[in-house]
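Data file: start_35.csv. Format and content: CSV, C-alpha atoms.
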```
chain,number,residue,atom,x,y,z
A,180,MET,CA,0.0,0.0,0.0
A,181,GLN,CA,2.8,2.4,0.9
A,182,ARG,CA,4.6,1.6,-2.4
A,183,ILE,CA,1.4,2.5,-4.3
A,184,LEU,CA,1.0,5.8,-2.5
A,185,VAL,CA,4.6,6.6,-3.3
A,186,LEU,CA,4.1,5.9,-7.0
A,187,LEU,CA,0.9,8.0,-7.0
A,188,GLY,CA,2.8,10.8,-5.3
A,189,MET,CA,5.5,10.7,-7.9
A,190,LEU,CA,2.9,10.7,-10.7
A,191,LEU,CA,1.3,13.7,-9.2
A,192,VAL,CA,4.6,15.6,-9.0
A,193,VAL,CA,5.3,14.8,-12.6
A,194,SER,CA,1.9,16.0,-13.7
A,195,LEU,CA,2.2,19.2,-11.8
A,196,LEU,CA,5.6,19.9,-13.3
A,197,THR,CA,4.3,19.2,-16.8
A,198,ILE,CA,1.4,21.6,-16.3
A,199,SER,CA,3.6,24.3,-14.8
A,200,SER,CA,6.1,24.1,-17.6
A,201,SER,CA,3.3,24.5,-20.2
A,202,TYR,CA,2.2,27.8,-18.6
A,203,ALA,CA,4.7,30.7,-18.7
A,204,GLY,CA,5.0,32.2,-15.3
A,205,GLY,CA,2.3,29.8,-14.0
A,206,ILE,CA,-0.4,31.7,-16.0
A,207,LYS,CA,-2.6,29.7,-18.2
A,208,PRO,CA,-2.3,31.0,-21.8
A,209,ILE,CA,-5.3,32.1,-23.8
A,210,PRO,CA,-6.1,29.4,-26.5
A,211,SER,CA,-6.7,30.1,-30.2
A,212,LEU,CA,-9.5,32.3,-31.2
A,213,ASN,CA,-11.5,29.5,-32.7
A,214,LYS,CA,-11.3,27.5,-29.5
A,215,ILE,CA,-12.4,30.5,-27.5
A,216,LEU,CA,-15.4,31.0,-29.8
A,217,ASP,CA,-16.3,27.3,-29.6
A,218,GLU,CA,-16.3,27.5,-25.8
A,219,ALA,CA,-18.3,30.7,-25.8
A,220,ARG,CA,-21.0,29.1,-28.0
A,221,ALA,CA,-21.2,26.1,-25.8
A,222,SER,CA,-21.6,28.2,-22.6
A,223,PHE,CA,-23.9,30.9,-24.1
A,224,SER,CA,-27.4,31.2,-22.8
A,225,ALA,CA,-29.9,33.6,-24.3
A,226,LYS,CA,-32.0,33.4,-21.1
A,227,ASN,CA,-31.9,36.7,-19.2
A,228,ASN,CA,-29.2,37.9,-21.6
A,229,SER,CA,-29.8,41.0,-23.8
A,230,THR,CA,-26.7,40.2,-25.9
A,231,SER,CA,-27.1,37.9,-28.8
A,232,LEU,CA,-24.6,35.2,-29.5
A,233,GLN,CA,-23.6,36.9,-32.8
A,234,ASP,CA,-22.8,40.1,-30.9
A,235,LYS,CA,-20.9,38.1,-28.2
A,236,GLU,CA,-18.8,36.5,-30.9
A,237,LEU,CA,-18.0,39.8,-32.6
A,238,LEU,CA,-16.9,41.3,-29.3
A,239,ILE,CA,-14.6,38.4,-28.6
A,240,LYS,CA,-13.1,38.6,-32.1
A,241,GLN,CA,-12.6,42.4,-31.9
A,242,LEU,CA,-10.8,42.2,-28.5
A,243,TYR,CA,-8.6,39.2,-29.6
A,244,TYR,CA,-7.6,41.1,-32.8
A,245,GLN,CA,-7.0,44.3,-30.8
A,246,ILE,CA,-4.6,42.5,-28.4
A,247,GLN,CA,-2.7,41.0,-31.4
A,248,TYR,CA,-2.5,44.4,-33.2
A,249,GLN,CA,-1.6,46.4,-30.1
A,250,THR,CA,1.1,43.8,-29.1
A,251,GLN,CA,2.8,44.1,-32.5
A,252,LYS,CA,2.4,47.8,-32.6
A,253,LEU,CA,4.2,48.0,-29.2
A,254,GLU,CA,7.0,45.9,-30.6
A,255,ILE,CA,7.5,48.3,-33.5
A,256,LEU,CA,7.5,51.3,-31.2
A,257,LYS,CA,10.1,49.7,-28.9
A,258,GLU,CA,12.3,49.0,-31.9
A,259,VAL,CA,12.0,52.6,-33.0
A,260,LYS,CA,12.8,53.8,-29.5
A,261,GLY,CA,16.0,51.8,-29.6
A,262,HIS,CA,17.0,53.4,-32.9
A,263,PHE,CA,16.3,56.9,-31.6
A,264,GLU,CA,18.3,56.3,-28.3
A,265,LYS,CA,21.3,54.9,-30.3
A,266,SER,CA,21.2,57.8,-32.8
A,267,ILE,CA,21.0,60.4,-30.1
A,268,SER,CA,24.0,58.9,-28.2
A,269,LYS,CA,26.0,58.8,-31.4
A,270,ALA,CA,25.0,62.3,-32.4
A,271,GLU,CA,25.9,63.8,-29.0
A,272,GLU,CA,29.3,62.0,-29.2
A,273,LYS,CA,30.0,63.4,-32.6
A,274,TYR,CA,28.9,66.9,-31.5
A,275,ASP,CA,31.1,66.8,-28.4
A,276,GLU,CA,34.1,65.8,-30.6
A,277,GLY,CA,33.4,68.7,-32.9
A,278,GLU,CA,32.6,66.7,-36.0
A,279,GLU,CA,31.0,68.5,-38.9
A,280,GLY,CA,27.5,67.8,-40.0
A,281,ILE,CA,26.0,67.5,-36.5
A,282,SER,CA,24.2,70.5,-34.9
A,283,GLN,CA,22.4,71.0,-31.7
A,284,SER,CA,19.2,71.3,-33.8
A,285,ASP,CA,19.8,67.8,-35.2
A,286,ILE,CA,20.1,66.4,-31.6
A,287,THR,CA,17.0,68.2,-30.5
A,288,LYS,CA,15.0,66.8,-33.4
A,289,LEU,CA,16.1,63.3,-32.5
A,290,LYS,CA,15.2,63.8,-28.9
A,291,LEU,CA,11.7,65.1,-29.9
A,292,GLY,CA,11.3,62.0,-32.1
A,293,LEU,CA,12.2,59.8,-29.1
A,294,ALA,CA,9.7,61.7,-26.9
A,295,GLY,CA,7.0,61.2,-29.4
A,296,THR,CA,7.8,57.5,-29.6
A,297,LEU,CA,7.7,57.2,-25.8
A,298,ASN,CA,4.3,58.9,-25.7
A,299,ASP,CA,3.0,56.4,-28.3
A,300,ILE,CA,4.4,53.5,-26.2
A,301,TYR,CA,2.7,54.7,-23.0
A,302,GLU,CA,-0.6,55.1,-24.9
A,303,THR,CA,-0.4,51.8,-26.7
A,304,ASP,CA,0.6,49.9,-23.5
A,305,THR,CA,-2.4,51.3,-21.7
A,306,ASP,CA,-4.7,50.4,-24.6
A,307,LEU,CA,-3.3,46.9,-24.6
A,308,GLN,CA,-3.9,46.5,-20.9
A,309,ILE,CA,-7.5,47.7,-21.3
A,310,SER,CA,-8.1,45.3,-24.2
A,311,ARG,CA,-6.7,42.4,-22.1
A,312,LEU,CA,-9.0,43.4,-19.2
A,313,SER,CA,-12.0,43.6,-21.5
A,314,LEU,CA,-11.3,40.2,-23.1
A,315,SER,CA,-10.9,38.6,-19.7
A,316,ASP,CA,-14.2,40.2,-18.6
A,317,SER,CA,-16.0,39.0,-21.7
A,318,LEU,CA,-14.8,35.5,-21.0
A,319,HIS,CA,-16.1,35.6,-17.4
A,320,ASN,CA,-12.5,35.9,-16.1
A,321,SER,CA,-11.7,32.3,-17.1
A,322,PHE,CA,-8.3,33.7,-18.1
A,323,LEU,CA,-6.1,36.3,-16.4
A,324,PRO,CA,-5.6,39.6,-18.1
A,325,GLU,CA,-1.8,39.0,-18.1
A,326,ALA,CA,-2.2,35.7,-20.0
A,327,GLU,CA,-0.4,35.5,-23.3
A,328,LEU,CA,-2.3,34.6,-26.5
A,329,LYS,CA,-1.6,31.3,-28.2
A,330,GLU,CA,-1.8,33.2,-31.4
A,331,PRO,CA,0.1,36.4,-30.7
A,332,ASP,CA,0.6,37.7,-34.2
A,333,ILE,CA,-2.1,39.2,-36.2
A,334,SER,CA,-2.6,38.0,-39.8
A,335,PRO,CA,-5.3,38.3,-42.4
A,336,ILE,CA,-8.1,35.8,-41.9
A,337,GLU,CA,-9.2,33.8,-44.9
A,338,PHE,CA,-11.9,35.4,-47.0
A,339,GLU,CA,-11.4,34.8,-50.7
A,340,PHE,CA,-14.6,36.4,-52.0
A,341,GLU,CA,-14.3,39.6,-53.9
A,342,ASP,CA,-17.7,39.5,-55.6
A,343,TYR,CA,-20.8,40.0,-53.6
A,344,GLU,CA,-23.0,37.8,-55.8
A,345,THR,CA,-20.6,34.9,-55.5
A,346,TRP,CA,-20.4,35.3,-51.8
A,347,ILE,CA,-24.2,35.7,-51.2
A,348,GLY,CA,-24.7,32.5,-53.2
A,349,GLN,CA,-22.8,30.6,-50.6
A,350,ALA,CA,-24.0,32.7,-47.6
A,351,GLY,CA,-27.6,31.9,-48.1
A,352,ASP,CA,-30.7,34.1,-48.0
A,353,ASN,CA,-30.8,37.1,-45.8
A,354,HIS,CA,-33.7,39.6,-45.5
A,355,ASN,CA,-31.4,42.6,-44.9
A,356,GLU,CA,-29.5,42.7,-48.2
A,357,PHE,CA,-28.7,46.4,-47.9
A,358,LEU,CA,-26.7,45.9,-44.7
A,359,LEU,CA,-24.9,42.9,-46.2
A,360,LYS,CA,-23.9,44.8,-49.3
A,361,LYS,CA,-22.6,47.7,-47.2
A,362,ALA,CA,-20.6,45.4,-45.0
A,363,PHE,CA,-19.2,43.5,-48.0
A,364,LEU,CA,-18.1,46.8,-49.6
A,365,LYS,CA,-16.3,47.6,-46.4
A,366,VAL,CA,-14.5,44.3,-46.5
A,367,ASN,CA,-13.2,44.9,-50.0
A,368,GLU,CA,-12.1,48.4,-49.0
A,369,ALA,CA,-10.2,47.1,-46.0
A,370,ARG,CA,-8.6,44.4,-48.1
A,371,GLN,CA,-7.4,46.9,-50.7
A,372,LYS,CA,-5.9,49.1,-48.0
A,373,MET,CA,-4.2,46.1,-46.4
A,374,TYR,CA,-2.6,45.1,-49.7
A,375,LEU,CA,-1.3,48.6,-50.2
A,376,ALA,CA,0.0,48.8,-46.7
A,377,LYS,CA,1.8,45.5,-47.2
A,378,LYS,CA,3.7,46.9,-50.2
A,379,ASN,CA,4.6,50.1,-48.3
A,380,ARG,CA,5.9,48.0,-45.4
A,381,LYS,CA,8.5,46.3,-47.5
A,382,MET,CA,9.7,49.5,-49.0
A,383,THR,CA,9.8,51.3,-45.7
A,384,ARG,CA,11.8,48.6,-43.9
A,385,ALA,CA,14.4,48.7,-46.7
A,386,LEU,CA,14.6,52.5,-46.3
A,387,LEU,CA,15.2,52.2,-42.6
A,388,VAL,CA,17.8,49.5,-42.9
A,389,SER,CA,19.7,51.7,-45.4
A,390,GLU,CA,19.5,54.9,-43.3
A,391,VAL,CA,20.5,53.1,-40.1
A,392,ALA,CA,23.5,51.5,-41.9
A,393,ASN,CA,24.6,54.9,-43.4
A,394,TYR,CA,24.3,56.6,-40.0
A,395,ASP,CA,26.3,53.8,-38.2
A,396,PHE,CA,29.1,54.2,-40.8
A,397,GLY,CA,29.2,57.9,-40.3
A,398,ILE,CA,28.0,58.9,-43.8
A,399,GLY,CA,24.3,59.3,-43.0
A,400,ASP,CA,22.4,62.5,-42.2
A,401,PRO,CA,20.6,62.8,-38.8
A,402,GLY,CA,17.7,64.5,-40.5
A,403,ASP,CA,17.3,61.7,-43.0
A,404,LEU,CA,17.4,59.1,-40.2
A,405,PHE,CA,14.8,61.1,-38.3
A,406,GLN,CA,12.5,61.1,-41.2
A,407,ALA,CA,13.1,57.4,-41.9
A,408,LEU,CA,12.2,56.5,-38.3
A,409,ILE,CA,9.0,58.5,-38.4
A,410,ILE,CA,7.9,57.0,-41.7
A,411,TYR,CA,8.8,53.5,-40.5
A,412,THR,CA,6.7,53.9,-37.4
A,413,ARG,CA,3.7,55.3,-39.3
A,414,VAL,CA,3.8,52.7,-42.1
A,415,LEU,CA,4.6,49.6,-40.0
A,416,THR,CA,1.9,50.4,-37.4
A,417,GLY,CA,-0.4,51.3,-40.2
A,418,TYR,CA,0.1,47.9,-41.8
A,419,TYR,CA,-0.9,46.1,-38.6
A,420,ASP,CA,-3.8,48.5,-38.2
A,421,SER,CA,-5.0,47.6,-41.8
A,422,VAL,CA,-4.9,43.9,-41.0
A,423,TYR,CA,-6.9,44.5,-37.8
A,424,ASN,CA,-9.5,46.6,-39.8
A,425,PHE,CA,-9.8,43.9,-42.5
A,426,ASN,CA,-10.3,41.1,-39.9
A,427,LEU,CA,-12.9,43.1,-38.0
A,428,SER,CA,-14.8,44.1,-41.2
A,429,VAL,CA,-15.0,40.4,-42.1
A,430,ALA,CA,-16.2,39.6,-38.5
A,431,LYS,CA,-18.9,42.3,-38.8
A,432,LEU,CA,-20.0,40.8,-42.2
A,433,VAL,CA,-20.3,37.4,-40.6
A,434,ARG,CA,-22.3,38.9,-37.7
A,435,ASP,CA,-24.7,40.7,-40.1
A,436,LYS,CA,-25.2,37.5,-42.1
A,437,ASN,CA,-26.1,35.5,-39.0
A,438,SER,CA,-28.3,38.1,-37.4
```

Using structure tokens, write down the structure from this file.
Amino acid sequence: MQRILVLLGMLLVVSLLTISSSYAGGIKPIPSLNKILDEARASFSAKNNSTSLQDKELLIKQLYYQIQYQTQKLEILKEVKGHFEKSISKAEEKYDEGEEGISQSDITKLKLGLAGTLNDIYETDTDLQISRLSLSDSLHNSFLPEAELKEPDISPIEFEFEDYETWIGQAGDNHNEFLLKKAFLKVNEARQKMYLAKKNRKMTRALLVSEVANYDFGIGDPGDLFQALIIYTRVLTGYYDSVYNFNLSVAKLVRDKNS
């Protein structure tokens, strides 16, 4: 009997170690969006609830996409912060050594760029925390607000339809065709903007790499680097924003179809 208890104790320890190692910091991660939606549908009850299942699903999707978008936006801003800090340090060093091509005005502009980036970091970090709290609340606090997503990166969801008639043929009959047509047009608009943002992202990243390399080698201009960092921030965060808008527009279309 004692031997059996020992074996059971060892199995329990192994199980606990396995569980703890699967959760970073001991916090249970938030599963995929599809799994969350499946669980929400299974537990949803229309009784004494003014929120429809379709609205509940849309809210969960929106918050999940928000967390993904804001997380990646924060990463971009922190990357830009590092570039600004490095360029300021290098510019001040060159200025103190009396090198030509570096003025106090150049340093001030770089510092103002850093200040703007820090301001965006504070704002985005706050928005991210609010989104996490909101998702946790919408899921009845079954996950902690600090929990990481199993799908942390935002990417365009699959929606191959570009023609309304083709899509509505598969979507089935719906009495409010006006709303559906409007929502479908918004999906196509968001998709076009996303494609454009993706092209701009590639060009902008190449521009920044070039300007940073030139500046590190001492042949770059502080003003050009400043402009490249500002453009990089706007275009890269704009790309992730466009993916978020596309995903959300598709989610709204699905909600309208099922309402």

Best match for closeness to Lys436 of chain A among A:Asn355, A:Ser211, A:Ser231, A:Ser334, counting all atoms listed in the file: A:Asn355

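Relative to atom CA of Arg380 of chain A, atom CA of Val414 of chain A is found at 6.1 Å.
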
Between A:Ser224, A:Thr287, A:Asn320, A:Gln245, which has the minimum distance to Tyr423 of chain A (counting only C-alpha atoms)? A:Gln245

For a cut-off of 10 Å around (-3.6, 32.0, -20.5), file coordinates, pick out all residues using only C-alpha atoms and list them as a list in words.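 Protein, DNA and RNA residues close to (-3.6, 32.0, -20.5): Tyr202, Ala203, Gly205, Ile206, Lys207, Pro208, Ile209, Pro210, Ser315, Ser321, Phe322, Leu323, Pro324, Glu325, Ala326, Glu327, Leu328 and Lys329 of chain A.
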
Could you state the separation of atom CA of Ile239 of chain A and atom CA of Leu314 of chain A in Å, given to one decimal place? 6.7 Å

Find the spatial neighbours of Val259 of chain A, counting all atoms listed in the file, within a cut-off of 9 Å - ignore same-chain residues fewer than 4 positions away - and output them as a PyMOL selection string. chain A and resi 254-255+263-264+293+296+408-409+411-412

How many Å separate atom CA of Trp346 of chain A from atom CA of Arg434 of chain A? 14.7 Å

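If all atoms listed in the file are the atoms counted, then among A:Leu256, A:Val429, A:Leu297, A:Ala221 the closest residue to Phe340 of chain A is A:Val429.
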
At a cut-off of 10 Å, using all atoms listed in the file, what residues contact Tyr418 of chain A? Leave out same-chain residues fewer than 6 positions from it and give the result as a list in words. Tyr248, Lys252, Lys372, Met373, Tyr374, Leu375, Ala376, Lys377, Lys378, Asn379, Arg380, Thr412 and Asn424 of chain A

Any chance you can output those residues with C-alpha atoms as a PDB file, keeping the file's coordinate frame?
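Output below, filename result22.pdb:
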```
ATOM      1  CA  TYR A 248      -2.500  44.400 -33.200  1.00  0.00           C
ATOM      2  CA  LYS A 252       2.400  47.800 -32.600  1.00  0.00           C
ATOM      3  CA  LYS A 372      -5.900  49.100 -48.000  1.00  0.00           C
ATOM      4  CA  MET A 373      -4.200  46.100 -46.400  1.00  0.00           C
ATOM      5  CA  TYR A 374      -2.600  45.100 -49.700  1.00  0.00           C
ATOM      6  CA  LEU A 375      -1.300  48.600 -50.200  1.00  0.00           C
ATOM      7  CA  ALA A 376       0.000  48.800 -46.700  1.00  0.00           C
ATOM      8  CA  LYS A 377       1.800  45.500 -47.200  1.00  0.00           C
ATOM      9  CA  LYS A 378       3.700  46.900 -50.200  1.00  0.00           C
ATOM     10  CA  ASN A 379       4.600  50.100 -48.300  1.00  0.00           C
ATOM     11  CA  ARG A 380       5.900  48.000 -45.400  1.00  0.00           C
ATOM     12  CA  THR A 412       6.700  53.900 -37.400  1.00  0.00           C
ATOM     13  CA  ASN A 424      -9.500  46.600 -39.800  1.00  0.00           C
TER      14      ASN A 424
END
```

Within 8 Å of segment 306-309 of chain A using only C-alpha atoms, minus same-chain residues under 4 positions, as a PyMOL selection string: chain A and resi 245-246+249-250+302+313+324

Of the candidates A:Leu312, A:Leu358, A:Leu427, A:Val391, which shows the shortest atom-to-atom distance to Lys265 of chain A, using all atoms listed in the file?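 Using all atoms listed in the file, Lys265 of chain A sits closest to A:Val391.
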
Given the choices A:Glu258, A:Glu368, A:Asn437, A:Ser282, which gets closest to Leu387 of chain A if the distance is worked out from all atoms listed in the file?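 The shortest atom-to-atom distance to Leu387 of chain A comes from A:Glu258.
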
Just checking: using only C-alpha atoms, which residue out of A:Ala407, A:Leu238, A:Ala430, A:Val422 ends up closest to Leu318 of chain A?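 That would be A:Leu238, the residue with the smallest distance to Leu318 of chain A.
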
Polymer residues at most 10 Å from Lys240 of chain A, all atoms listed in the file, same-chain spacing of 2 or more positions, as a PyMOL selection string: chain A and resi 212-213+215-216+234-238+242-245+314+426-427+430-431

If you count all atoms listed in the file, which residues fall within 9 Å of Gln283 of chain A, apart from same-chain ones fewer than 4 positions away, as a list in words?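 Final neighbour list, sorted by chain and number: Glu271, Tyr274, Thr287 and Lys288 of chain A.
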